[in-house]
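To keep things clear, I will list the structure first and then write my remarks on it.
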Amino acid sequence: MRWALVKVCVAVTTMVVVAFAVPLGLVIREMARDRAFSNAEREAAAVAPALSITTDRDQLERVVASAGSDAGLSVHIPASGGTSAVDLGRQRAADADIEAVRRLGRASTTEVSGGSTLLQPVAIGSGEIAVVEVYVPEAEVTNGIGLAWAVLAGVGAILVVGSVAVADRLGVRMVLPARRLVEGAQELGEGKLGARVPEEGPAELRLAAVAFNSMADQVVQLLANERELAADLSHRLRTPLTVLRLNAASLGDGPAAEQTRAAVAQLEQEVDTIIRTAREAKPRTTAPGPGAGCDAAEVVRERMAFWSALAEDEGRKVRVAGVERPVRIPVARADLAAALDALLGNVFRHTPEGTAFAVDVHNGDDAVIVLVSDAGPGIADPEAAMARGRGSGSAGSTGLGLDIVRRLAESTGGDVRIGSSVLGGTEIRIWIQLDGGAPVRRGHRDRRAGGPWPGSLSGAARWGFSRSSPRP
């Protein structure tokens, strides 16, 4: 579409330039010819007064010489009253043409070798007609025409180039929204439910973008309803499962009873997994771009206020840092809250009561780092903990929480790494890219020997502890 518009504009502009430039060039050529013959008429008129007074050769030669055009000016006086004919200068016109002008008594032009001549009749004192011949070279007739054509060609080229530039800008304005619409459709087809199209461009494309965004919102809503339905249906199974578990508990001892109880426990665990997967493994539904995302500092303060009550009941010391100022990240608020709840829930689930923990937010130029640290026993196999469905190896762990955190970070081009905190426990670093580019690989080695991650807090004093203090 863009190139088609440019081609049409080039064709139309070229036709307009030709339509105006060719007639204008012809007019300029005629003006140059008229200018040259006007000069010739002035030269002939300069000799006419002398011819009306005298026909003496010497005097006429001086007049012709004073005119400054002796090389191109000639005078032809016919014989009369016993005087012979007088011819001054070089004759270029044919005798027949000169006689025709003398007989008709009006000026005329004729083509000669190398140009043209102006034949001007002049009445002399004897009553005869003399003819003044002025030679006009071809170079004088075409003087300035080449420059004029060059100027016209340059102006035409500028007009064509300008029209192409304007057409290209208009084409971009039309093509870019269409291209974004195509890219959005491809992303939505690839399962990127956060794909949205800016509602800009011509009216038709804006309406198409509005319809596409509305369709994408409906798709997201339908998928969310489907997941909620799956979670609700799975949740309804808990009631018959509870009955089965109670009945299995009353079966007494024996291999059959143990197998029944084990099957009921496994079924109950599978139902819990389905519920968590349906409700927690949500697709990213926030469109990237200016204005999208949330304030990470605000979300951290909100979730820490929620978990601080439970931390106070269990005697846990809590530290929050880096949330004094707004920290904007390209992540949906609900997704970041779910990731923080998953990590903080793991702290309460897998560390003893009284274990301290902390959340720290670092705001960089191209990325934001969220650190969740604790003083617990740590994770023996970080790679296994990051694998979906494997968990940390402790009872009741499915690994879904860390998988939610990993997918959130990777959706921005970042990553998640597990290491050792300065308190000897686990430190989980969430690297969130601000520009959505490729992940910045920093600090990817496991920090099992202790020491802070790059960009983490410098030392235990930041958390309110000292290395000599006993672990809570």
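The chains in the structure tokens are called A, B, ... from first to last as shown; in each chain the residues are counted from 1, and the ligands are counted from 1 in the order shown.
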
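Residues in contact range of A:His362, defined as at most 9 Å between only C-alpha atoms, with sequence neighbours fewer than 3 positions away removed, read Ala321, Gly322, Val323, Val327, Ala367, Val368, Ile369, Val370, Leu371, Gly455 and Ser456 of chain A.
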
Atom-to-atom span, atom CA of A:Val8 and atom CA of A:Ala153, Å: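 Separating atom CA of A:Val8 from atom CA of A:Ala153 is a distance of 20.0 Å.
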